[in-house]
$ cat data21.tsv   # TSV, C-alpha atoms and all ligand atoms
chain	number	residue	atom	x	y	z
O	1	MET	CA	82.07	4.59	70.45
O	2	THR	CA	83.60	8.07	70.16
O	3	SER	CA	81.51	10.42	68.07
O	4	PRO	CA	83.03	11.03	64.64
O	5	GLU	CA	84.71	14.31	63.79
O	6	LYS	CA	82.27	17.09	62.95
O	7	ILE	CA	81.58	17.69	59.25
O	8	PRO	CA	80.54	21.33	59.16
O	9	PHE	CA	77.97	22.60	56.67
O	10	MET	CA	80.35	25.47	55.83
O	11	ALA	CA	84.06	25.90	56.58
O	12	LEU	CA	85.11	29.42	55.61
O	13	GLU	CA	88.22	29.31	57.79
O	14	ARG	CA	89.36	26.29	55.76
O	15	LEU	CA	88.53	27.99	52.46
O	16	HIS	CA	90.53	31.07	53.47
O	17	LEU	CA	93.59	29.23	54.76
O	18	PRO	CA	95.52	29.25	51.44
O	19	LEU	CA	94.54	32.93	50.96
O	20	ARG	CA	95.42	34.07	54.45
O	21	GLU	CA	98.57	36.02	53.58
O	22	ALA	CA	96.96	37.65	50.54
O	23	LEU	CA	93.89	38.66	52.58
O	24	ILE	CA	96.07	40.21	55.28
O	25	GLU	CA	98.10	42.01	52.61
O	26	ALA	CA	94.88	43.43	51.09
O	27	THR	CA	93.74	44.64	54.50
O	28	THR	CA	97.09	46.33	55.09
O	29	ARG	CA	96.93	47.96	51.66
O	30	VAL	CA	93.55	49.54	52.51
O	31	ILE	CA	94.69	50.65	55.98
O	32	ASP	CA	97.80	52.27	54.50
O	33	SER	CA	95.79	53.97	51.72
O	34	GLY	CA	93.69	55.95	54.18
O	35	VAL	CA	90.70	55.54	51.81
O	36	PHE	CA	87.78	53.80	53.52
O	37	VAL	CA	84.82	54.79	51.33
O	38	GLY	CA	84.86	54.48	47.53
O	39	GLY	CA	88.27	54.78	45.91
O	40	PRO	CA	90.34	52.61	43.58
O	41	GLU	CA	89.75	49.21	45.27
O	42	VAL	CA	86.00	49.50	44.70
O	43	ALA	CA	86.45	50.80	41.14
O	44	GLN	CA	88.85	47.98	40.27
O	45	LEU	CA	86.63	45.29	41.77
O	46	GLU	CA	83.67	46.70	39.80
O	47	GLN	CA	85.69	46.52	36.61
O	48	GLU	CA	86.85	42.95	37.32
O	49	LEU	CA	83.32	41.81	38.13
O	50	ALA	CA	81.83	43.50	35.06
O	51	GLY	CA	84.34	41.47	33.04
O	52	PHE	CA	83.64	38.23	34.91
O	53	ILE	CA	79.86	38.55	34.54
O	54	GLY	CA	79.98	40.05	31.05
O	55	VAL	CA	78.09	43.31	31.62
O	56	LYS	CA	78.78	46.94	30.88
O	57	HIS	CA	78.23	48.22	34.44
O	58	ALA	CA	78.86	46.60	37.82
O	59	ILE	CA	78.14	48.75	40.87
O	60	GLY	CA	79.32	47.69	44.32
O	61	VAL	CA	76.67	48.07	47.03
O	62	SER	CA	76.36	47.33	50.74
O	63	SER	CA	74.63	43.92	50.49
O	64	GLY	CA	72.56	41.68	48.28
O	65	SER	CA	69.47	42.98	50.03
O	66	ASP	CA	70.44	46.56	49.16
O	67	ALA	CA	71.26	45.51	45.58
O	68	LEU	CA	67.62	44.43	45.25
O	69	LEU	CA	66.29	47.53	46.99
O	70	VAL	CA	68.33	50.01	44.96
O	71	SER	CA	67.51	48.18	41.70
O	72	LEU	CA	63.78	48.44	42.32
O	73	MET	CA	64.25	52.09	43.38
O	74	ALA	CA	66.10	52.78	40.13
O	75	LEU	CA	63.10	51.43	38.22
O	76	GLY	CA	60.83	53.76	40.16
O	77	ILE	CA	58.83	50.96	41.76
O	78	GLY	CA	56.62	52.11	44.61
O	79	PRO	CA	53.18	52.04	46.21
O	80	GLY	CA	50.48	50.41	44.10
O	81	ASP	CA	52.96	48.51	41.96
O	82	GLU	CA	53.13	44.74	41.83
O	83	VAL	CA	56.26	42.67	41.39
O	84	ILE	CA	55.88	39.00	40.50
O	85	THR	CA	58.37	36.77	42.29
O	86	THR	CA	58.95	33.35	43.85
O	87	PRO	CA	57.86	32.18	47.30
O	88	LEU	CA	60.98	29.98	47.59
O	89	SER	CA	63.81	32.39	48.39
O	90	PHE	CA	65.53	34.29	51.17
O	91	PHE	CA	63.33	37.03	52.66
O	92	ALA	CA	65.38	39.85	51.08
O	93	THR	CA	63.74	39.16	47.72
O	94	ILE	CA	60.34	40.34	48.97
O	95	GLY	CA	61.72	42.64	51.65
O	96	ALA	CA	63.00	44.95	48.90
O	97	ILE	CA	59.60	45.01	47.19
O	98	MET	CA	57.70	45.67	50.40
O	99	ARG	CA	60.02	48.36	51.75
O	100	LEU	CA	59.12	50.42	48.67
O	101	GLY	CA	55.42	50.02	49.41
O	102	ALA	CA	54.96	47.71	46.43
O	103	THR	CA	53.27	44.32	46.57
O	104	PRO	CA	54.96	40.97	46.01
O	105	VAL	CA	52.79	38.66	43.92
O	106	PHE	CA	53.79	35.03	44.23
O	107	ALA	CA	53.95	32.65	41.29
O	108	ASP	CA	54.60	29.03	42.24
O	109	ILE	CA	57.82	27.20	41.51
O	110	GLU	CA	58.44	24.49	38.96
O	111	PRO	CA	59.00	21.44	41.22
O	112	THR	CA	62.13	19.94	39.68
O	113	SER	CA	64.20	23.12	39.22
O	114	PHE	CA	62.69	24.95	42.26
O	115	ASN	CA	62.61	28.10	40.09
O	116	LEU	CA	59.70	30.30	38.99
O	117	ASN	CA	57.11	28.62	36.79
O	118	PRO	CA	56.63	30.98	33.81
O	119	ALA	CA	53.10	29.72	33.11
O	120	HIS	CA	52.09	30.86	36.61
O	121	VAL	CA	53.87	34.16	36.15
O	122	ARG	CA	51.89	34.78	32.96
O	123	ARG	CA	48.57	34.23	34.75
O	124	LEU	CA	49.43	36.75	37.46
O	125	ILE	CA	50.32	39.68	35.22
O	126	SER	CA	47.90	42.56	35.88
O	127	THR	CA	47.65	46.23	34.99
O	128	ARG	CA	49.60	46.95	38.20
O	129	THR	CA	52.51	44.62	37.42
O	130	ARG	CA	55.76	46.53	36.95
O	131	ALA	CA	58.46	43.87	37.14
O	132	ILE	CA	59.29	40.18	37.29
O	133	LEU	CA	61.89	39.24	39.90
O	134	PRO	CA	63.18	35.68	39.39
O	135	VAL	CA	65.68	34.12	41.81
O	136	HIS	CA	68.32	31.76	40.42
O	137	LEU	CA	67.79	29.41	43.31
O	138	PHE	CA	70.65	27.30	44.65
O	139	GLY	CA	72.80	28.46	41.71
O	140	GLN	CA	70.67	27.27	38.78
O	141	MET	CA	69.13	29.92	36.58
O	142	ALA	CA	65.40	30.52	36.27
O	143	PRO	CA	63.84	30.03	32.79
O	144	MET	CA	65.11	33.36	31.51
O	145	GLY	CA	64.08	32.89	27.88
O	146	GLU	CA	60.41	32.53	28.78
O	147	LEU	CA	60.51	35.19	31.50
O	148	LYS	CA	62.22	37.69	29.23
O	149	ALA	CA	59.66	37.08	26.49
O	150	LEU	CA	56.86	37.65	29.01
O	151	ALA	CA	58.48	40.82	30.34
O	152	GLN	CA	58.95	42.22	26.84
O	153	ALA	CA	55.44	41.33	25.71
O	154	HIS	CA	53.93	43.17	28.71
O	155	GLY	CA	56.39	46.03	29.04
O	156	LEU	CA	57.72	44.83	32.41
O	157	ALA	CA	61.19	45.11	33.88
O	158	LEU	CA	63.10	41.91	34.52
O	159	VAL	CA	65.33	42.03	37.63
O	160	GLU	CA	67.47	39.00	38.47
O	161	ASP	CA	68.11	37.97	42.06
O	162	ALA	CA	71.45	36.33	41.24
O	163	ALA	CA	72.65	36.26	44.88
O	164	GLN	CA	73.23	32.50	44.69
O	165	ALA	CA	74.34	32.30	41.08
O	166	ILE	CA	77.55	34.19	40.36
O	167	GLY	CA	79.13	32.35	37.43
O	168	ALA	CA	75.92	30.53	36.40
O	169	ARG	CA	74.88	30.44	32.75
O	170	CYS	CA	71.91	29.46	30.63
O	171	PRO	CA	71.36	29.57	26.87
O	172	GLU	CA	70.23	33.22	27.13
O	173	GLY	CA	73.46	34.28	28.87
O	174	ALA	CA	75.10	34.67	32.25
O	175	ALA	CA	73.37	35.25	35.58
O	176	GLY	CA	72.90	38.98	36.07
O	177	ALA	CA	73.44	39.78	32.39
O	178	ILE	CA	69.95	39.08	30.99
O	179	GLY	CA	67.46	41.23	32.89
O	180	GLU	CA	67.54	45.05	33.01
O	181	LEU	CA	69.32	44.67	36.36
O	182	GLY	CA	71.15	41.85	38.14
O	183	CYS	CA	71.57	41.67	41.92
O	184	PHE	CA	74.40	39.81	43.64
O	185	SER	CA	75.32	39.20	47.27
O	186	PHE	CA	78.76	38.83	48.82
O	187	PHE	CA	77.38	37.52	52.10
O	188	PRO	CA	80.29	35.43	53.48
O	189	THR	CA	78.74	32.05	52.67
O	190	LYS	CA	77.85	32.89	49.05
O	191	ASN	CA	80.02	31.37	46.27
O	192	LEU	CA	81.98	34.63	46.25
O	193	GLY	CA	81.79	35.93	49.81
O	194	ALA	CA	83.22	39.04	51.43
O	195	LEU	CA	84.52	39.00	55.01
O	196	GLY	CA	81.43	40.93	55.96
O	197	ASP	CA	78.50	42.28	53.96
O	198	GLY	CA	78.58	43.36	50.34
O	199	GLY	CA	76.62	43.23	47.10
O	200	LEU	CA	76.59	44.21	43.46
O	201	VAL	CA	74.17	45.56	40.86
O	202	THR	CA	74.81	44.80	37.20
O	203	THR	CA	73.28	46.37	34.10
O	204	ASP	CA	74.02	47.13	30.44
O	205	ASP	CA	71.85	50.25	30.59
O	206	ASP	CA	73.84	53.50	31.07
O	207	ALA	CA	70.89	55.46	32.49
O	208	LEU	CA	69.97	52.74	35.01
O	209	ALA	CA	73.62	52.43	36.06
O	210	ALA	CA	73.80	56.18	36.70
O	211	ARG	CA	70.60	56.03	38.76
O	212	VAL	CA	71.85	53.08	40.84
O	213	ARG	CA	75.15	54.89	41.51
O	214	ALA	CA	73.33	58.04	42.58
O	215	LEU	CA	70.72	56.20	44.69
O	216	ALA	CA	73.52	54.42	46.57
O	217	ARG	CA	74.82	57.91	47.56
O	218	HIS	CA	71.59	59.42	48.87
O	219	GLY	CA	70.46	60.22	45.33
O	220	ALA	CA	73.33	62.62	44.74
O	221	THR	CA	74.37	63.03	41.11
O	222	THR	CA	77.15	65.39	42.16
O	223	LYS	CA	78.27	66.06	45.71
O	224	TYR	CA	75.55	67.73	47.84
O	225	TYR	CA	73.09	67.85	44.92
O	226	HIS	CA	70.17	65.42	45.40
O	227	PRO	CA	67.64	65.24	42.56
O	228	MET	CA	66.24	62.00	44.00
O	229	LEU	CA	65.91	60.25	47.36
O	230	GLY	CA	68.34	57.39	47.88
O	231	GLY	CA	70.29	55.97	50.78
O	232	ASN	CA	73.77	54.94	51.87
O	233	PHE	CA	74.19	51.67	49.99
O	234	ARG	CA	77.92	51.67	49.25
O	235	LEU	CA	80.38	48.78	49.18
O	236	ASP	CA	83.43	49.69	51.26
O	237	PRO	CA	87.02	49.40	49.99
O	238	MET	CA	88.04	46.94	52.71
O	239	GLN	CA	85.49	44.41	51.45
O	240	ALA	CA	86.35	45.27	47.83
O	241	ALA	CA	90.05	44.57	48.44
O	242	LEU	CA	89.26	41.25	50.14
O	243	LEU	CA	86.86	40.27	47.33
O	244	ARG	CA	89.59	41.03	44.78
O	245	VAL	CA	91.79	38.43	46.49
O	246	LYS	CA	88.99	35.84	46.30
O	247	LEU	CA	87.60	36.54	42.81
O	248	PRO	CA	90.40	34.72	40.90
O	249	TRP	CA	89.51	31.56	42.84
O	250	LEU	CA	85.80	31.66	42.07
O	251	GLY	CA	85.99	29.62	38.85
O	252	ALA	CA	87.91	26.81	40.56
O	253	TRP	CA	85.59	26.89	43.58
O	254	ASN	CA	82.51	26.63	41.36
O	255	GLU	CA	84.13	23.67	39.55
O	256	GLN	CA	84.85	22.03	42.87
O	257	ARG	CA	81.19	22.45	43.85
O	258	ALA	CA	80.11	20.90	40.52
O	259	ALA	CA	82.46	17.94	41.06
O	260	LEU	CA	81.04	17.36	44.55
O	261	ALA	CA	77.51	17.57	43.10
O	262	ALA	CA	78.31	15.01	40.40
O	263	ARG	CA	79.68	12.66	43.05
O	264	TYR	CA	76.55	13.05	45.23
O	265	ASP	CA	74.34	12.51	42.15
O	266	GLU	CA	76.01	9.24	41.32
O	267	ALA	CA	76.35	7.92	44.86
O	268	LEU	CA	72.82	8.82	45.95
O	269	SER	CA	70.85	7.81	42.85
O	270	ARG	CA	70.13	4.35	44.29
O	271	LEU	CA	68.31	5.92	47.25
O	272	GLU	CA	65.46	7.14	45.01
O	273	PRO	CA	62.58	7.54	45.60
O	274	SER	CA	63.31	8.01	49.34
O	275	LEU	CA	65.84	10.68	48.42
O	276	ILE	CA	65.64	12.60	45.14
O	277	THR	CA	68.79	14.28	43.87
O	278	PRO	CA	68.48	17.78	42.35
O	279	ARG	CA	67.74	17.82	38.64
O	280	ARG	CA	69.81	19.94	36.27
O	281	VAL	CA	68.11	21.99	33.61
O	282	GLU	CA	69.55	21.07	30.21
O	283	ASP	CA	72.23	23.43	28.86
O	284	HIS	CA	72.46	25.31	32.17
O	285	LEU	CA	75.69	25.80	34.09
O	286	HIS	CA	74.75	25.33	37.75
O	287	THR	CA	76.98	26.94	40.41
O	288	PHE	CA	75.72	24.62	43.17
O	289	HIS	CA	75.51	27.29	45.80
O	290	GLN	CA	73.43	24.61	47.50
O	291	TYR	CA	72.95	20.91	46.87
O	292	CYS	CA	69.41	20.28	48.05
O	293	VAL	CA	67.94	16.79	48.00
O	294	ARG	CA	64.24	16.14	48.28
O	295	ILE	CA	63.13	13.82	51.09
O	296	PRO	CA	59.42	13.14	50.44
O	297	THR	CA	58.78	11.62	53.89
O	298	HIS	CA	60.31	12.39	57.31
O	299	ARG	CA	62.87	14.98	56.17
O	300	ASP	CA	63.28	16.26	59.72
O	301	LYS	CA	63.96	12.76	61.06
O	302	LEU	CA	66.67	12.32	58.45
O	303	GLN	CA	68.21	15.65	59.37
O	304	ALA	CA	68.23	14.60	63.03
O	305	ALA	CA	69.91	11.31	62.10
O	306	LEU	CA	72.67	13.23	60.27
O	307	THR	CA	73.05	15.66	63.17
O	308	ALA	CA	73.46	12.63	65.49
O	309	ARG	CA	76.32	11.52	63.21
O	310	ASN	CA	77.89	14.99	63.56
O	311	ILE	CA	77.05	16.05	59.98
O	312	GLY	CA	75.85	19.61	59.42
O	313	THR	CA	72.89	20.19	57.08
O	314	MET	CA	70.54	23.13	56.48
O	315	ILE	CA	66.97	23.70	55.39
O	316	TYR	CA	66.36	26.22	52.59
O	317	TYR	CA	63.76	27.39	53.37
O	318	PRO	CA	61.73	26.29	56.39
O	319	SER	CA	58.66	28.19	55.19
O	320	PRO	CA	57.61	29.82	51.92
O	321	LEU	CA	57.63	33.61	51.68
O	322	HIS	CA	53.91	33.87	50.89
O	323	GLN	CA	53.24	32.55	54.41
O	324	GLN	CA	55.46	35.03	56.26
O	325	PRO	CA	53.51	36.76	59.03
O	326	CYS	CA	54.70	40.27	58.08
O	327	LEU	CA	52.69	40.04	54.84
O	328	GLU	CA	49.57	39.75	56.95
O	329	THR	CA	50.44	42.44	59.49
O	330	LEU	CA	51.37	44.84	56.70
O	331	GLY	CA	48.09	44.06	54.98
O	332	VAL	CA	49.79	42.87	51.81
O	333	GLN	CA	47.25	41.09	49.67
O	334	SER	CA	48.89	37.86	48.63
O	335	PRO	CA	46.14	35.34	48.17
O	336	GLN	CA	48.13	33.13	45.83
O	337	GLU	CA	48.57	29.59	46.97
O	338	CYS	CA	51.82	27.99	45.99
O	339	PRO	CA	51.56	24.27	46.75
O	340	GLU	CA	54.83	23.32	45.09
O	341	ALA	CA	56.85	25.85	47.05
O	342	THR	CA	55.07	24.83	50.26
O	343	ARG	CA	55.90	21.17	49.60
O	344	ALA	CA	59.53	22.01	48.78
O	345	CYS	CA	59.87	23.71	52.17
O	346	GLN	CA	58.79	20.46	53.83
O	347	GLU	CA	61.03	18.20	51.74
O	348	LEU	CA	64.29	19.96	50.83
O	349	LEU	CA	67.50	19.25	52.74
O	350	ALA	CA	70.81	20.93	51.87
O	351	LEU	CA	73.91	18.72	52.17
O	352	PRO	CA	77.40	20.21	52.64
O	353	ILE	CA	78.89	21.24	49.27
O	354	HIS	CA	81.38	23.98	50.11
O	355	PRO	CA	84.58	23.84	48.01
O	356	ALA	CA	86.74	22.92	51.02
O	357	LEU	CA	84.73	19.74	51.71
O	358	ARG	CA	87.13	16.79	51.62
O	359	GLU	CA	86.47	13.59	49.68
O	360	ASP	CA	86.57	11.46	52.85
O	361	GLU	CA	84.00	13.78	54.43
O	362	GLN	CA	81.68	13.49	51.45
O	363	GLN	CA	82.07	9.70	51.58
O	364	ARG	CA	81.05	9.75	55.24
O	365	ILE	CA	77.96	11.86	54.41
O	366	ILE	CA	76.95	9.42	51.68
O	367	GLU	CA	77.43	6.42	53.99
O	368	ALA	CA	75.47	8.13	56.75
O	369	LEU	CA	72.55	8.65	54.35
O	370	TYR	CA	72.56	4.97	53.36
O	371	GLU	CA	72.71	3.92	57.02
O	372	ALA	CA	69.86	6.24	57.95
O	373	PHE	CA	67.58	4.89	55.23
O	374	ASP	CA	68.61	1.27	56.00
O	375	SER	CA	67.60	1.80	59.61
O	376	GLY	CA	64.16	2.95	58.49
O	377	VAL	CA	64.41	6.71	59.03
O	378	SER	CA	61.83	7.48	56.34
O	379	SER	CA	59.16	4.99	57.44
O	401	LIG	C1	71.78	35.99	50.26
O	401	LIG	C2	70.59	36.33	49.47
O	401	LIG	C3	70.10	37.63	49.41
O	401	LIG	C4	70.55	38.74	50.32
O	401	LIG	O1	71.87	39.01	50.31
O	401	LIG	P1	72.55	39.76	51.59
O	401	LIG	O2	73.89	40.09	51.04
O	401	LIG	O3	72.60	38.76	52.69
O	401	LIG	O4	71.75	40.94	51.91
O	401	LIG	C5	69.04	37.90	48.56
O	401	LIG	N1	68.48	36.93	47.82
O	401	LIG	C6	68.92	35.66	47.87
O	401	LIG	C7	68.27	34.64	47.00
O	401	LIG	C8	69.98	35.31	48.71
O	401	LIG	O5	70.38	34.04	48.75
$ encode --input "data21.tsv" --output "structure tokens" --more "lines below"
Ligand SMILES: *Cc1c(COP(=O)(O)O)cnc(C)c1O
Amino acid sequence: MTSPEKIPFMALERLHLPLREALIEATTRVIDSGVFVGGPEVAQLEQELAGFIGVKHAIGVSSGSDALLVSLMALGIGPGDEVITTPLSFFATIGAIMRLGATPVFADIEPTSFNLNPAHVRRLISTRTRAILPVHLFGQMAPMGELKALAQAHGLALVEDAAQAIGARCPEGAAGAIGELGCFSFFPTKNLGALGDGGLVTTDDDALAARVRALARHGATTKYYHPMLGGNFRLDPMQAALLRVKLPWLGAWNEQRAALAARYDEALSRLEPSLITPRRVEDHLHTFHQYCVRIPTHRDKLQAALTARNIGTMIYYPSPLHQQPCLETLGVQSPQECPEATRACQELLALPIHPALREDEQQRIIEALYEAFDSGVSS
């Protein structure tokens, strides 16, 4: 038997094929402009994204990681401060906190949405707490109503890690438009990806926007005048021009992801309880950055069975952030135990859901899952 054609987890080259000419044209436009830092491409992208997200200010920055860092800097977070966040995220979420000398405090996740559990957040608020940093994991928003109420009641900032959730909504509003600051990533594999690194900070607050802009230019409010210490956290015009080509497609791509998710939901429901499809929070618009199923027993064996059938999958995340060794070596006190996040790391498996995934490929993934369970992979 010849091995079947590879079904990649991501296929950016396929996604970009219909945009190829427009992307090349955008590159040429930037080369011919002679402007390679700042300039009109960045300003126009910022305006377009502010409109798309529904915020007053959108500030292009060098990455999602730097969006988080500069946001916490703008709030003045530093040594001795605590920021309550989730243990189920990409490292950048806590990296930003720790680079400022502040301490991440981990609340556990709610096991069906994989997002922060507000009851746990409440219990962890101390006199040192300065901010709550929820992550809209896999493209579904955290419980923003409850988190915002908590933040307001305790005088805390609310900063959204919306890196996976551009275009997501919940009853309280759009991702990145609810907290004091929203942080987005244009890492190539995100729902809106640059052809390199990039990020965005959103806010409705004029003073915070001015601080973020200055901090991204070494704290300069006017050229060569530095009332605060910042860094070089700028988005470059090449990436801005490329993102402007891709932004008009984002709505259709997110719809395509939702359609693929609905098809997985329906086709895989009969595999429960060996495989549990992701639950949607009512009245939320999920962007399905990832479609992660829960495999309560032998997740790794199932992944190996799919790999053997030439199907790419990923694990988000192999270990929870509260167990990262750098917390220990840096002496960060994080005694919280987060059993739900720990369990999710053992059970979650991300199936391909990129917008260029073909129907016949999805059908093959579904059939491969049925075959794997029929042949006893989970026993
Ligand atoms: C991708 C991601 C980031 C970091 O973004 P970069 O652009 O890669 O720096 C931060 N948080 C989450 C949840 C992410 O998924």
$ residues_around --input "data21.tsv" --residues "segment 269-279 of chain O" --least-positions-apart "5" --cutoff "8 Å" --atoms "all atoms listed in the file" --output "number ranges by chain"
O: 112-113, 264, 291-297, 370, 373, 378
$ write_last_selection --input "data21.tsv" --atoms "C-alpha atoms" --output "PDB file, keeping the file's coordinate frame"
ATOM      1  CA  THR O 112      62.130  19.940  39.680  1.00  0.00           C
ATOM      2  CA  SER O 113      64.200  23.120  39.220  1.00  0.00           C
ATOM      3  CA  TYR O 264      76.550  13.050  45.230  1.00  0.00           C
ATOM      4  CA  TYR O 291      72.950  20.910  46.870  1.00  0.00           C
ATOM      5  CA  CYS O 292      69.410  20.280  48.050  1.00  0.00           C
ATOM      6  CA  VAL O 293      67.940  16.790  48.000  1.00  0.00           C
ATOM      7  CA  ARG O 294      64.240  16.140  48.280  1.00  0.00           C
ATOM      8  CA  ILE O 295      63.130  13.820  51.090  1.00  0.00           C
ATOM      9  CA  PRO O 296      59.420  13.140  50.440  1.00  0.00           C
ATOM     10  CA  THR O 297      58.780  11.620  53.890  1.00  0.00           C
ATOM     11  CA  TYR O 370      72.560   4.970  53.360  1.00  0.00           C
ATOM     12  CA  PHE O 373      67.580   4.890  55.230  1.00  0.00           C
ATOM     13  CA  SER O 378      61.830   7.480  56.340  1.00  0.00           C
TER      14      SER O 378
END
$ residues_near_point --input "data21.tsv" --point "(69.6, 34.4, 27.4)" --cutoff "12 Å" --atoms "all atoms listed in the file" --output "list in words"
Met141, Ala142, Pro143, Met144, Gly145, Glu146, Leu147, Lys148, Ala149, Ala168, Arg169, Cys170, Pro171, Glu172, Gly173, Ala174, Ala175, Gly176, Ala177, Ile178, Gly179, Asp283 and His284 of chain O
$ closest_residue --input "data21.tsv" --among "O:Asp204, O:Asp300, O:Glu337, O:Glu255" --to "Ala107 of chain O" --atoms "all atoms listed in the file"
O:Glu337
$ residues_around --input "data21.tsv" --residues "Ala350 of chain O" --least-positions-apart "2" --cutoff "12 Å" --atoms "all atoms listed in the file" --output "ChimeraX atom specification"
/O:9-10,138,261,264,275-278,288-295,299-300,302-303,306,311-318,344-345,347-348,352-354,365
$ residues_around --input "data21.tsv" --residues "Gly331 of chain O" --least-positions-apart "6" --cutoff "12 Å" --atoms "all atoms listed in the file" --output "PyMOL selection string"
chain O and resi 98+101-104+324-325
$ write_last_selection --input "data21.tsv" --atoms "C-alpha atoms" --output "mmCIF file, keeping the file's coordinate frame"
data_model
loop_
_atom_site.group_PDB
_atom_site.id
_atom_site.type_symbol
_atom_site.label_atom_id
_atom_site.label_comp_id
_atom_site.auth_asym_id
_atom_site.auth_seq_id
_atom_site.Cartn_x
_atom_site.Cartn_y
_atom_site.Cartn_z
ATOM 1 C CA MET O 98 57.700 45.670 50.400
ATOM 2 C CA GLY O 101 55.420 50.020 49.410
ATOM 3 C CA ALA O 102 54.960 47.710 46.430
ATOM 4 C CA THR O 103 53.270 44.320 46.570
ATOM 5 C CA PRO O 104 54.960 40.970 46.010
ATOM 6 C CA GLN O 324 55.460 35.030 56.260
ATOM 7 C CA PRO O 325 53.510 36.760 59.030
#
$ atom_distance --input "data21.tsv" --atom1 "atom CA of Gln363 of chain O" --atom2 "atom CA of Ala267 of chain O"
9.0 Å
$ residues_near_ligand --input "data21.tsv" --ligand "ligand LIG 401 (chain O)" --cutoff "8 Å" --atoms "only C-alpha atoms and all ligand atoms" --output "NGL selection string"
:O and (62-68 or 89-93 or 135-138 or 161-164 or 184-187 or 190 or 197-199)
$ residues_around --input "data21.tsv" --residues "Glu46 of chain O" --least-positions-apart "5" --cutoff "9 Å" --atoms "all atoms listed in the file" --output "ChimeraX atom specification"
/O:41,51,57-60,200,240
$ atom_distance --input "data21.tsv" --atom1 "atom CA of Gly39 of chain O" --atom2 "atom CA of Gly167 of chain O"
25.7 Å
$ atom_distance --input "data21.tsv" --atom1 "atom CA of Ala305 of chain O" --atom2 "atom CA of Ala372 of chain O"
6.6 Å
$ closest_residue --input "data21.tsv" --among "O:Leu250, O:Val332, O:Ala210, O:Leu75" --to "Ala165 of chain O" --atoms "all atoms listed in the file"
O:Leu250
$ closest_residue --input "data21.tsv" --among "O:Val42, O:Leu17, O:Ile166, O:Val70" --to "Asn232 of chain O" --atoms "all atoms listed in the file"
O:Val70
$ residues_near_point --input "data21.tsv" --point "(87.1, 43.9, 47.8)" --cutoff "9 Å" --atoms "all atoms listed in the file" --output "PyMOL selection string"
chain O and resi 26+41-42+44-45+194+198+235-247
$ residues_around --input "data21.tsv" --residues "Pro4 of chain O" --least-positions-apart "4" --cutoff "12 Å" --atoms "only C-alpha atoms" --output "list in words"
Pro8, Leu306, Thr307, Ala308, Arg309, Asn310, Ile311, Glu361, Arg364, Ile365 and Ala368 of chain O
$ closest_residue --input "data21.tsv" --among "O:Ala304, O:Leu327, O:His16, O:Met73" --to "Gly193 of chain O" --atoms "only C-alpha atoms"
O:His16
$ closest_residue --input "data21.tsv" --among "O:Val281, O:Cys326, O:Ile77, O:Leu19" --to "Asn115 of chain O" --atoms "all atoms listed in the file"
O:Val281
